[in-house]
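Dropping target-v3.tsv in here (TSV, C-alpha atoms):
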```tsv
chain	number	residue	atom	x	y	z
A	996	MET	CA	-20.83	-59.68	-19.58
A	997	ARG	CA	-23.94	-60.27	-17.49
A	998	PHE	CA	-24.55	-62.17	-14.29
A	999	ASN	CA	-27.65	-62.91	-12.29
A	1000	VAL	CA	-27.26	-63.16	-8.54
A	1001	TYR	CA	-29.85	-64.80	-6.31
A	1002	VAL	CA	-29.65	-63.95	-2.62
A	1003	THR	CA	-31.75	-66.10	-0.31
A	1004	LEU	CA	-32.13	-66.61	3.40
A	1005	LYS	CA	-30.30	-69.63	4.76
A	1006	ARG	CA	-32.40	-72.63	5.68
A	1007	GLY	CA	-33.14	-72.39	9.38
A	1008	VAL	CA	-33.50	-68.60	9.32
A	1009	LEU	CA	-37.13	-67.72	9.78
A	1010	ASP	CA	-38.55	-65.79	6.82
A	1011	PRO	CA	-41.57	-63.79	8.03
A	1012	GLN	CA	-42.08	-62.32	4.57
A	1013	GLY	CA	-42.20	-65.78	3.00
A	1014	ARG	CA	-44.66	-66.88	5.68
A	1015	ALA	CA	-46.94	-63.91	4.99
A	1016	VAL	CA	-46.87	-64.67	1.27
A	1017	MET	CA	-47.66	-68.31	1.96
A	1018	GLU	CA	-50.62	-67.36	4.13
A	1019	ALA	CA	-51.89	-65.07	1.37
A	1020	LEU	CA	-51.58	-67.91	-1.15
A	1021	HIS	CA	-53.50	-70.20	1.20
A	1022	SER	CA	-56.24	-67.61	1.50
A	1023	LEU	CA	-56.43	-67.65	-2.31
A	1024	HIS	CA	-57.00	-71.43	-2.09
A	1025	PHE	CA	-53.51	-72.44	-3.21
A	1026	SER	CA	-53.51	-74.81	-0.29
A	1027	GLU	CA	-50.86	-77.05	-1.86
A	1028	VAL	CA	-48.13	-74.50	-1.01
A	1029	ARG	CA	-46.01	-75.93	1.79
A	1030	ASP	CA	-43.34	-73.25	2.11
A	1031	VAL	CA	-42.40	-69.90	0.59
A	1032	ARG	CA	-39.02	-68.19	0.82
A	1033	VAL	CA	-38.61	-64.65	-0.45
A	1034	GLY	CA	-35.18	-63.54	-1.68
A	1035	LYS	CA	-33.48	-60.95	-3.84
A	1036	PHE	CA	-32.60	-61.06	-7.52
A	1037	ILE	CA	-29.75	-58.84	-8.71
A	1038	GLU	CA	-28.61	-58.29	-12.32
A	1039	LEU	CA	-25.00	-57.28	-12.87
A	1040	ASP	CA	-23.58	-55.94	-16.12
A	1041	LEU	CA	-19.76	-55.96	-16.20
A	1042	ASN	CA	-17.10	-54.44	-18.40
A	1043	GLY	CA	-15.35	-57.05	-20.53
A	1044	MET	CA	-12.72	-59.16	-18.80
A	1045	PRO	CA	-11.71	-62.82	-18.86
A	1046	GLU	CA	-14.62	-65.00	-17.81
A	1047	GLU	CA	-12.85	-66.66	-14.90
A	1048	GLU	CA	-11.77	-63.31	-13.50
A	1049	ALA	CA	-15.29	-61.92	-13.84
A	1050	LYS	CA	-16.76	-64.90	-11.97
A	1051	ALA	CA	-14.25	-64.45	-9.17
A	1052	ARG	CA	-15.05	-60.74	-8.97
A	1053	VAL	CA	-18.80	-61.39	-8.75
A	1054	GLU	CA	-18.19	-63.98	-6.04
A	1055	LYS	CA	-16.26	-61.35	-4.09
A	1056	MET	CA	-19.04	-58.78	-4.60
A	1057	CYS	CA	-21.48	-61.24	-3.05
A	1058	GLN	CA	-19.25	-61.92	-0.08
A	1059	GLU	CA	-18.49	-58.26	0.61
A	1060	LEU	CA	-21.78	-56.53	-0.08
A	1061	LEU	CA	-24.59	-58.27	-1.92
A	1062	ALA	CA	-25.25	-60.94	0.73
A	1063	ASN	CA	-24.83	-60.99	4.49
A	1064	PRO	CA	-23.22	-64.34	5.35
A	1065	VAL	CA	-24.83	-64.37	8.82
A	1066	ILE	CA	-28.28	-64.97	7.36
A	1067	GLU	CA	-28.01	-65.24	3.59
A	1068	GLU	CA	-26.52	-67.40	0.88
A	1069	PHE	CA	-26.11	-66.60	-2.79
A	1070	ARG	CA	-26.06	-68.26	-6.18
A	1071	ILE	CA	-24.41	-66.78	-9.28
A	1072	GLU	CA	-25.57	-67.48	-12.81
A	1073	GLU	CA	-23.78	-66.28	-15.93
A	1074	VAL	CA	-26.16	-64.97	-18.58
A	1075	THR	CA	-25.34	-66.28	-22.05
A	1076	GLU	CA	-27.05	-64.67	-25.01
B	486	MET	CA	-14.55	-35.20	27.10
B	487	LYS	CA	-15.94	-34.97	23.61
B	488	PHE	CA	-18.61	-36.82	21.65
B	489	GLY	CA	-18.96	-37.19	17.90
B	490	VAL	CA	-22.27	-37.88	16.17
B	491	VAL	CA	-21.87	-39.41	12.71
B	492	VAL	CA	-24.15	-38.10	9.96
B	493	PHE	CA	-24.91	-40.44	7.07
B	494	PRO	CA	-27.17	-39.51	4.17
B	495	GLY	CA	-30.51	-40.51	5.65
B	496	SER	CA	-29.61	-40.21	9.34
B	497	ASN	CA	-32.55	-38.62	11.16
B	498	CYS	CA	-31.79	-38.98	14.88
B	499	ASP	CA	-28.44	-37.20	14.69
B	500	HIS	CA	-29.87	-33.92	15.98
B	501	ASP	CA	-31.62	-35.67	18.86
B	502	CYS	CA	-28.36	-37.27	19.99
B	503	TYR	CA	-26.52	-33.97	19.57
B	504	HIS	CA	-29.21	-32.13	21.56
B	505	VAL	CA	-29.11	-34.56	24.48
B	506	LEU	CA	-25.32	-34.54	24.74
B	507	LYS	CA	-24.97	-30.78	24.27
B	508	ASN	CA	-28.01	-29.25	25.93
B	509	VAL	CA	-29.18	-31.84	28.44
B	510	LEU	CA	-25.80	-33.18	29.54
B	511	SER	CA	-23.67	-30.10	28.75
B	512	LYS	CA	-20.98	-32.06	26.93
B	513	ASP	CA	-18.81	-31.06	24.04
B	514	VAL	CA	-20.17	-32.65	20.86
B	515	THR	CA	-19.58	-32.34	17.16
B	516	TYR	CA	-21.07	-33.81	14.01
B	517	ILE	CA	-18.91	-36.11	11.88
B	518	TRP	CA	-19.87	-36.19	8.19
B	519	HIS	CA	-19.73	-39.69	6.73
B	520	LYS	CA	-17.23	-38.62	4.05
B	521	GLU	CA	-14.59	-37.82	6.65
B	522	THR	CA	-11.63	-40.17	6.57
B	523	SER	CA	-10.14	-39.17	9.90
B	524	ILE	CA	-11.73	-38.45	13.26
B	525	ASP	CA	-10.35	-35.91	15.71
B	526	ASP	CA	-8.29	-37.64	18.39
B	527	HIS	CA	-10.05	-35.63	21.09
B	528	ILE	CA	-13.32	-37.41	20.44
B	529	ASP	CA	-13.81	-40.02	23.16
B	530	CYS	CA	-17.09	-41.56	22.07
B	531	ILE	CA	-18.60	-41.92	18.61
B	532	VAL	CA	-22.37	-42.18	18.22
B	533	LEU	CA	-23.97	-43.70	15.11
B	534	PRO	CA	-27.53	-42.38	15.21
B	535	GLY	CA	-30.80	-43.78	13.96
B	536	GLY	CA	-32.32	-43.13	10.58
B	537	PHE	CA	-32.51	-44.73	7.16
B	538	SER	CA	-28.98	-44.39	5.81
B	539	TYR	CA	-28.95	-44.85	2.03
B	540	GLY	CA	-32.66	-45.53	2.15
B	541	ASP	CA	-32.01	-48.94	3.73
B	542	TYR	CA	-31.30	-50.18	0.19
B	543	LEU	CA	-30.09	-53.78	-0.17
B	544	ARG	CA	-30.10	-54.37	3.61
B	545	THR	CA	-30.25	-51.89	6.49
B	546	GLY	CA	-26.77	-50.51	7.09
B	547	ALA	CA	-25.25	-52.50	4.22
B	548	ILE	CA	-24.20	-49.48	2.18
B	549	ALA	CA	-23.49	-47.05	5.03
B	550	ARG	CA	-21.04	-49.62	6.32
B	551	PHE	CA	-18.81	-48.70	3.35
B	552	SER	CA	-19.02	-44.93	3.89
B	553	PRO	CA	-15.50	-43.45	4.05
B	554	VAL	CA	-15.79	-42.70	7.78
B	555	MET	CA	-16.41	-46.35	8.64
B	556	ALA	CA	-12.81	-47.45	8.04
B	557	GLU	CA	-11.72	-44.86	10.59
B	558	ILE	CA	-14.42	-45.94	13.04
B	559	GLU	CA	-13.32	-49.57	12.67
B	560	ARG	CA	-9.73	-48.54	13.33
B	561	LEU	CA	-10.70	-46.55	16.44
B	562	ALA	CA	-13.02	-49.27	17.70
B	563	LYS	CA	-10.17	-51.76	17.52
B	564	LYS	CA	-8.09	-49.34	19.58
B	565	GLY	CA	-10.77	-49.35	22.29
B	566	LYS	CA	-12.61	-46.10	21.57
B	567	TYR	CA	-16.25	-46.14	22.70
B	568	VAL	CA	-18.74	-46.53	19.86
B	569	ILE	CA	-22.52	-46.49	20.31
B	570	GLY	CA	-24.96	-47.48	17.57
B	571	ILE	CA	-28.63	-46.68	18.04
B	572	CYS	CA	-31.23	-48.31	15.78
B	573	ASN	CA	-29.83	-47.74	12.25
B	574	GLY	CA	-26.45	-47.20	13.92
B	575	PHE	CA	-26.78	-50.68	15.47
B	576	GLN	CA	-27.62	-52.12	12.05
B	577	ILE	CA	-24.55	-50.44	10.53
B	578	LEU	CA	-22.24	-51.76	13.27
B	579	CYS	CA	-23.56	-55.29	12.69
B	580	GLU	CA	-23.04	-55.02	8.94
B	581	ALA	CA	-19.53	-53.72	9.57
B	582	GLY	CA	-18.81	-56.77	11.71
B	583	LEU	CA	-18.05	-54.63	14.77
B	584	LEU	CA	-20.96	-56.29	16.56
B	585	PRO	CA	-22.18	-59.88	16.25
B	586	GLY	CA	-25.42	-60.74	14.47
B	587	VAL	CA	-27.74	-58.94	12.10
B	588	LEU	CA	-31.05	-57.07	12.28
B	589	MET	CA	-33.73	-58.63	10.08
B	590	MET	CA	-37.23	-57.47	9.24
B	591	ASN	CA	-39.66	-57.53	12.19
B	592	ALA	CA	-41.56	-60.80	12.46
B	593	SER	CA	-44.80	-58.80	12.10
B	594	LEU	CA	-43.45	-57.18	8.88
B	595	LYS	CA	-44.66	-53.88	10.36
B	596	PHE	CA	-42.89	-50.69	11.36
B	597	ILE	CA	-43.31	-50.42	15.14
B	598	CYS	CA	-43.10	-47.10	16.98
B	599	ARG	CA	-43.93	-47.33	20.66
B	600	ASN	CA	-42.46	-47.57	24.14
B	601	VAL	CA	-41.00	-50.92	25.14
B	602	HIS	CA	-39.44	-52.19	28.33
B	603	ILE	CA	-35.94	-53.58	28.33
B	604	ARG	CA	-34.22	-55.39	31.16
B	605	VAL	CA	-30.57	-54.58	31.78
B	606	GLU	CA	-28.67	-57.86	31.60
B	607	ASN	CA	-25.16	-56.70	32.43
B	608	THR	CA	-24.36	-53.64	34.52
B	609	ALA	CA	-20.59	-54.12	34.45
B	610	THR	CA	-20.17	-52.28	31.14
B	611	PRO	CA	-19.28	-48.69	30.19
B	612	PHE	CA	-22.80	-48.29	28.77
B	613	THR	CA	-24.86	-49.60	31.68
B	614	LYS	CA	-22.85	-48.97	34.83
B	615	ARG	CA	-25.41	-46.43	36.08
B	616	CYS	CA	-28.13	-49.08	35.94
B	617	THR	CA	-28.88	-51.54	38.71
B	618	GLU	CA	-28.90	-55.30	38.29
B	619	GLY	CA	-32.07	-56.38	36.49
B	620	GLU	CA	-33.33	-52.81	36.16
B	621	VAL	CA	-36.11	-52.30	33.63
B	622	LEU	CA	-35.92	-49.22	31.39
B	623	LYS	CA	-38.79	-47.77	29.39
B	624	ILE	CA	-37.45	-46.58	26.03
B	625	PRO	CA	-39.19	-46.25	22.66
B	626	ILE	CA	-38.42	-48.28	19.57
B	627	ALA	CA	-39.10	-47.04	16.02
B	628	HIS	CA	-38.07	-49.57	13.40
B	629	LYS	CA	-39.10	-52.11	10.81
B	630	ASP	CA	-35.83	-54.04	10.90
B	631	GLY	CA	-35.08	-54.78	14.54
B	632	ASN	CA	-35.39	-58.53	14.55
B	633	TYR	CA	-32.01	-59.51	15.97
B	634	PHE	CA	-30.58	-62.78	14.73
B	635	VAL	CA	-27.45	-64.78	15.54
B	636	ASP	CA	-26.86	-68.49	15.06
B	637	GLY	CA	-27.06	-70.79	18.05
B	638	ALA	CA	-23.32	-71.08	18.64
B	639	THR	CA	-22.82	-67.31	18.55
B	640	LEU	CA	-25.81	-66.78	20.84
B	641	LYS	CA	-24.28	-69.11	23.41
B	642	ARG	CA	-20.93	-67.37	23.13
B	643	ILE	CA	-22.30	-63.84	23.59
B	644	GLU	CA	-24.50	-65.02	26.46
B	645	ASP	CA	-21.55	-66.65	28.21
B	646	ARG	CA	-19.41	-63.55	27.77
B	647	GLY	CA	-22.02	-61.11	29.06
B	648	GLN	CA	-22.28	-59.33	25.71
B	649	ILE	CA	-26.06	-59.15	25.85
B	650	LEU	CA	-26.88	-55.82	27.49
B	651	PHE	CA	-30.65	-55.55	27.09
B	652	ARG	CA	-33.58	-57.89	26.55
B	653	TYR	CA	-37.19	-56.93	25.79
B	654	SER	CA	-39.26	-57.62	28.89
B	655	THR	CA	-42.55	-56.87	30.57
B	656	PRO	CA	-42.64	-53.79	32.87
B	657	ASP	CA	-41.83	-56.05	35.83
B	658	GLY	CA	-38.79	-57.51	34.08
B	659	THR	CA	-40.10	-60.82	32.79
B	660	VAL	CA	-38.48	-61.79	29.50
B	661	SER	CA	-41.24	-63.46	27.53
B	662	GLY	CA	-42.57	-63.96	24.03
B	663	GLU	CA	-45.33	-61.39	24.44
B	664	ALA	CA	-42.76	-58.78	25.53
B	665	ASN	CA	-40.81	-59.33	22.32
B	666	PRO	CA	-41.94	-56.67	19.82
B	667	ASN	CA	-40.04	-57.81	16.74
B	668	GLY	CA	-39.12	-61.49	16.96
B	669	SER	CA	-35.53	-60.99	18.13
B	670	VAL	CA	-33.65	-64.13	19.13
B	671	ALA	CA	-33.71	-64.50	22.93
B	672	ASN	CA	-35.51	-61.12	23.18
B	673	ILE	CA	-32.22	-59.33	22.51
B	674	ALA	CA	-32.53	-55.53	22.30
B	675	GLY	CA	-28.88	-54.57	22.64
B	676	VAL	CA	-25.41	-56.15	22.58
B	677	MET	CA	-21.77	-55.17	22.88
B	678	ASN	CA	-18.62	-56.49	21.26
B	679	GLU	CA	-16.17	-58.82	22.94
B	680	GLY	CA	-13.86	-55.93	23.78
B	681	GLY	CA	-16.66	-54.19	25.67
B	682	ASN	CA	-16.21	-50.83	23.92
B	683	VAL	CA	-18.74	-51.07	21.06
B	684	MET	CA	-22.47	-51.20	21.84
B	685	GLY	CA	-25.60	-51.34	19.73
B	686	MET	CA	-29.25	-51.14	20.73
B	687	MET	CA	-32.55	-50.86	18.84
B	688	PRO	CA	-34.45	-48.69	21.38
B	689	HIS	CA	-33.79	-44.93	21.24
B	690	PRO	CA	-32.38	-43.67	24.56
B	691	GLU	CA	-31.91	-40.17	23.09
B	692	ARG	CA	-35.69	-39.82	22.87
B	693	VAL	CA	-36.24	-40.18	26.61
B	694	CYS	CA	-33.80	-37.85	28.30
B	695	GLU	CA	-36.13	-35.07	29.46
B	696	PRO	CA	-39.32	-35.28	31.57
B	697	ILE	CA	-41.24	-33.21	29.03
B	698	LEU	CA	-40.68	-36.01	26.51
B	699	GLY	CA	-42.22	-38.60	28.77
B	700	GLY	CA	-39.24	-40.11	30.53
B	701	THR	CA	-35.58	-39.94	31.43
B	702	ASP	CA	-34.52	-43.60	31.34
B	703	GLY	CA	-32.39	-42.96	28.28
B	704	LEU	CA	-30.10	-40.72	30.32
B	705	LYS	CA	-28.74	-43.78	32.11
B	706	ILE	CA	-27.00	-44.93	28.95
B	707	PHE	CA	-25.34	-41.58	28.28
B	708	THR	CA	-24.44	-40.88	31.90
B	709	SER	CA	-22.91	-44.36	32.15
B	710	VAL	CA	-20.60	-43.52	29.24
B	711	ILE	CA	-19.79	-40.13	30.74
B	712	GLU	CA	-18.92	-41.75	34.05
B	713	SER	CA	-16.75	-44.31	32.25
B	714	LEU	CA	-14.86	-41.53	30.48
B	715	SER	CA	-14.40	-39.41	33.61
```
Before we go any further, please render this structure as structure tokens.
Amino acid sequence: MRFNVYVTLKRGVLDPQGRAVMEALHSLHFSEVRDVRVGKFIELDLNGMPEEEAKARVEKMCQELLANPVIEEFRIEEVTE
Amino acid sequence: MKFGVVVFPGSNCDHDCYHVLKNVLSKDVTYIWHKETSIDDHIDCIVLPGGFSYGDYLRTGAIARFSPVMAEIERLAKKGKYVIGICNGFQILCEAGLLPGVLMMNASLKFICRNVHIRVENTATPFTKRCTEGEVLKIPIAHKDGNYFVDGATLKRIEDRGQILFRYSTPDGTVSGEANPNGSVANIAGVMNEGGNVMGMMPHPERVCEPILGGTDGLKIFTSVIESLS
């Protein structure tokens, strides 16, 4: 069972990396870019278990380790083949 | 009086801390391997040194925070034992929730290694009692992730409770934007917990404890702790 986890900085937390990327895009004449936020993308592959249980476990993984709630939020996506 | 210096995989300032405590200050000190699950009761102060524990993977300190020794450090911290986190040690203590806030990537996105000035904001603590009110210390920083962040409500709370110990300043003690090397909220360079027994700072006091190394301001932190334990 596979899950994708997206970890991003909360709105309101300054993202210097995103700003640097935006400035680079501007210098490449992509002047339409108004904002860039850089985050993390994590792929998880789990042993088989009931879907609801797996989702709850991934949620817990995010809360305990994968994201820092002080600055980050996360989004979980189940991968269906 | 005994000190313990924790060694994580990737710690690289552990020997500096050990050297200062043992050879400069003539104190009893031992290393504590991160796989230990209990810490000798005779240890009065635990130091989490700088470095790049677990390669800074995921977030700085995020994986070290789950090293076996951390559960014991959390237990001892809650009992009032002194805990000092320097640089990566500070990041680990924040991740562990023993200190408020988090250290993000420097606003410049660059690794910065140079002397900075920090103003002592609270001298009524076990870590700063040998400093004078408003004293400015010259201590080096060496980090890429030292950009301290807390939300507005937490910032107000730690300010009100005197938990901010150091702010980046000019040599004459002015706290200003140009004195801020990394973008930290309110120029914060070091904080302590509400209980006043856990402290974290980004600058490296262990690197300036002998004149031959260019300064001795770092001694004030260690001698404050020694005085508090005496």
Using only C-alpha atoms, which of A:Val1074, A:Gly1034, A:Gly1043, A:Val1065 sits nearest Phe634 (chain B)?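 Checking each candidate against Phe634 (chain B), we get A:Val1065 as the closest.
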Should the cut-off be 7 Å, what would the residue list for chain B against chain A look like, counting all atoms listed in the file, as number ranges by chain?
B: 547, 586-587, 592, 594
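The residue that comes closest to Ser709 (chain B), out of B:His689, B:Glu695, B:Cys616, B:Glu663 and on the basis of all atoms listed in the file, is B:Cys616.
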Edge lengths and centre in Å, axis-aligned, region 1013-1028 of chain A plus 8 Å each side, as lines of an AutoDock Vina configuration file:
```
center_x = -49.6
center_y = -70.5
center_z = 1.2
size_x = 30.8
size_y = 29.1
size_z = 24.9
```
Quiz item: When you draw a straight line from CA of His500 (chain B) to CA of Asn632 (chain B), how long is it in Å?
Solution: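 Separation of CA of His500 (chain B) and CA of Asn632 (chain B): 25.3 Å.
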**Item:** 10 Å contact set for Ser654 (chain B), only C-alpha atoms, chain neighbours under 5 positions out, as a list in words
**Value:**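 Close residues of Ser654 (chain B): Val601, His602, Ile603, Arg604, Val605, Val621, Leu622, Lys623, Thr659, Val660, Ser661, Gly662, Glu663, Ala664, Asn665, Pro666, Asn672, Ile673 and Ala674 of chain B.
In this structure, CA of Val491 (chain B) sits 5.8 Å away from CA of Tyr516 (chain B).
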- Determine, counting all atoms listed in the file, which protein, DNA and RNA residues have an atom within 12 Å of an atom of Thr639 (chain B); residues of the same chain fewer than 5 positions away are not included. Present the result as a list in words.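 Counting all atoms listed in the file, the residues come to Val1065 of chain A; Leu584, Pro585, Gly586, Val587, Phe634, Glu644, Asp645, Arg646, Gln648, Ile649, Val670, Asn678 and Glu679 of chain B.
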Could you please take those selected residues and save C-alpha atoms as a PDB file, in the coordinates of the input?
```pdb
ATOM      1  CA  VAL A1065     -24.830 -64.370   8.820  1.00  0.00           C
TER       2      VAL A1065
ATOM      3  CA  LEU B 584     -20.960 -56.290  16.560  1.00  0.00           C
ATOM      4  CA  PRO B 585     -22.180 -59.880  16.250  1.00  0.00           C
ATOM      5  CA  GLY B 586     -25.420 -60.740  14.470  1.00  0.00           C
ATOM      6  CA  VAL B 587     -27.740 -58.940  12.100  1.00  0.00           C
ATOM      7  CA  PHE B 634     -30.580 -62.780  14.730  1.00  0.00           C
ATOM      8  CA  GLU B 644     -24.500 -65.020  26.460  1.00  0.00           C
ATOM      9  CA  ASP B 645     -21.550 -66.650  28.210  1.00  0.00           C
ATOM     10  CA  ARG B 646     -19.410 -63.550  27.770  1.00  0.00           C
ATOM     11  CA  GLN B 648     -22.280 -59.330  25.710  1.00  0.00           C
ATOM     12  CA  ILE B 649     -26.060 -59.150  25.850  1.00  0.00           C
ATOM     13  CA  VAL B 670     -33.650 -64.130  19.130  1.00  0.00           C
ATOM     14  CA  ASN B 678     -18.620 -56.490  21.260  1.00  0.00           C
ATOM     15  CA  GLU B 679     -16.170 -58.820  22.940  1.00  0.00           C
TER      16      GLU B 679
END
```
Can you pull out the residues contacting Trp518 (chain B)? Cut-off 10 Å, using all atoms listed in the file, and skip same-chain residues under 4 positions away; I want them as a list in words.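 Counting only the stated atoms, we get Gly489, Val490, Val491, Val492, Phe493, Pro494, Thr522, Ile524, Ser552, Pro553 and Val554 of chain B.
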CA of Arg652 (chain B) to CA of Ser669 (chain B) measures 9.2 Å
| said: Show me, as a list in words, the residues that have an atom within 8 Å of Leu1041 (chain A) when counting all atoms listed in the file, minus same-chain residues fewer than 2 positions from it. | reply: Met996, Arg997, Leu1039, Gly1043 and Ala1049 of chain A
Excluding Val505 (chain B) and residues on its chain fewer than 6 positions from it, collect all residues at most 12 Å away from it, counting only C-alpha atoms, and give them as an MDAnalysis selection string. chainID B and resid 488 490 498:499 511:514 532 689:695 698 701 703:708
Note to self: Using all atoms listed in the file, can you tell me which of B:Tyr653, B:Tyr539, B:Tyr503, B:Tyr567 comes closest to Met677 (chain B)?
What the structure shows: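 Once distances to Met677 (chain B) are computed over all atoms listed in the file, the minimum belongs to B:Tyr567.
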>> Using all atoms listed in the file, can you tell me which of B:Leu650, B:Leu714, B:Val683, B:Val509 comes closest to Glu606 (chain B)?
In response: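 Among B:Leu650, B:Leu714, B:Val683, B:Val509, it is B:Leu650 that comes nearest to Glu606 (chain B).
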Can you fill out region 1041-1059 of chain A with N, CA and C atoms and hand it back as a short mmCIF file (atom, residue, chain, number, x, y, z; two decimals), keeping the file's coordinate frame?
```cif
data_model
loop_
_atom_site.label_atom_id
_atom_site.label_comp_id
_atom_site.auth_asym_id
_atom_site.auth_seq_id
_atom_site.Cartn_x
_atom_site.Cartn_y
_atom_site.Cartn_z
N LEU A 1041 -21.18 -56.24 -16.44
CA LEU A 1041 -19.76 -55.96 -16.20
C LEU A 1041 -19.04 -55.56 -17.48
N ASN A 1042 -18.01 -54.72 -17.29
CA ASN A 1042 -17.10 -54.44 -18.40
C ASN A 1042 -16.39 -55.74 -18.80
N GLY A 1043 -16.00 -55.83 -20.04
CA GLY A 1043 -15.35 -57.05 -20.53
C GLY A 1043 -14.08 -57.40 -19.78
N MET A 1044 -13.94 -58.65 -19.42
CA MET A 1044 -12.72 -59.16 -18.80
C MET A 1044 -12.78 -60.68 -18.93
N PRO A 1045 -11.66 -61.36 -18.73
CA PRO A 1045 -11.71 -62.82 -18.86
C PRO A 1045 -12.79 -63.43 -17.96
N GLU A 1046 -13.45 -64.44 -18.48
CA GLU A 1046 -14.62 -65.00 -17.81
C GLU A 1046 -14.31 -65.48 -16.39
N GLU A 1047 -13.19 -66.14 -16.23
CA GLU A 1047 -12.85 -66.66 -14.90
C GLU A 1047 -12.66 -65.52 -13.90
N GLU A 1048 -12.01 -64.46 -14.36
CA GLU A 1048 -11.77 -63.31 -13.50
C GLU A 1048 -13.10 -62.66 -13.12
N ALA A 1049 -13.99 -62.53 -14.10
CA ALA A 1049 -15.29 -61.92 -13.84
C ALA A 1049 -16.06 -62.72 -12.79
N LYS A 1050 -16.05 -64.04 -12.94
CA LYS A 1050 -16.76 -64.90 -11.97
C LYS A 1050 -16.21 -64.71 -10.57
N ALA A 1051 -14.88 -64.64 -10.48
CA ALA A 1051 -14.25 -64.45 -9.17
C ALA A 1051 -14.62 -63.10 -8.57
N ARG A 1052 -14.70 -62.07 -9.45
CA ARG A 1052 -15.05 -60.74 -8.97
C ARG A 1052 -16.49 -60.72 -8.46
N VAL A 1053 -17.39 -61.37 -9.17
CA VAL A 1053 -18.80 -61.39 -8.75
C VAL A 1053 -18.94 -62.13 -7.41
N GLU A 1054 -18.21 -63.22 -7.29
CA GLU A 1054 -18.19 -63.98 -6.04
C GLU A 1054 -17.78 -63.06 -4.87
N LYS A 1055 -16.76 -62.26 -5.12
CA LYS A 1055 -16.26 -61.35 -4.09
C LYS A 1055 -17.30 -60.26 -3.77
N MET A 1056 -17.99 -59.79 -4.82
CA MET A 1056 -19.04 -58.78 -4.60
C MET A 1056 -20.12 -59.34 -3.67
N CYS A 1057 -20.45 -60.61 -3.89
CA CYS A 1057 -21.48 -61.24 -3.05
C CYS A 1057 -21.01 -61.33 -1.61
N GLN A 1058 -19.76 -61.74 -1.44
CA GLN A 1058 -19.25 -61.92 -0.08
C GLN A 1058 -19.14 -60.59 0.65
N GLU A 1059 -18.74 -59.53 -0.08
CA GLU A 1059 -18.49 -58.26 0.61
C GLU A 1059 -19.73 -57.41 0.79
#
```
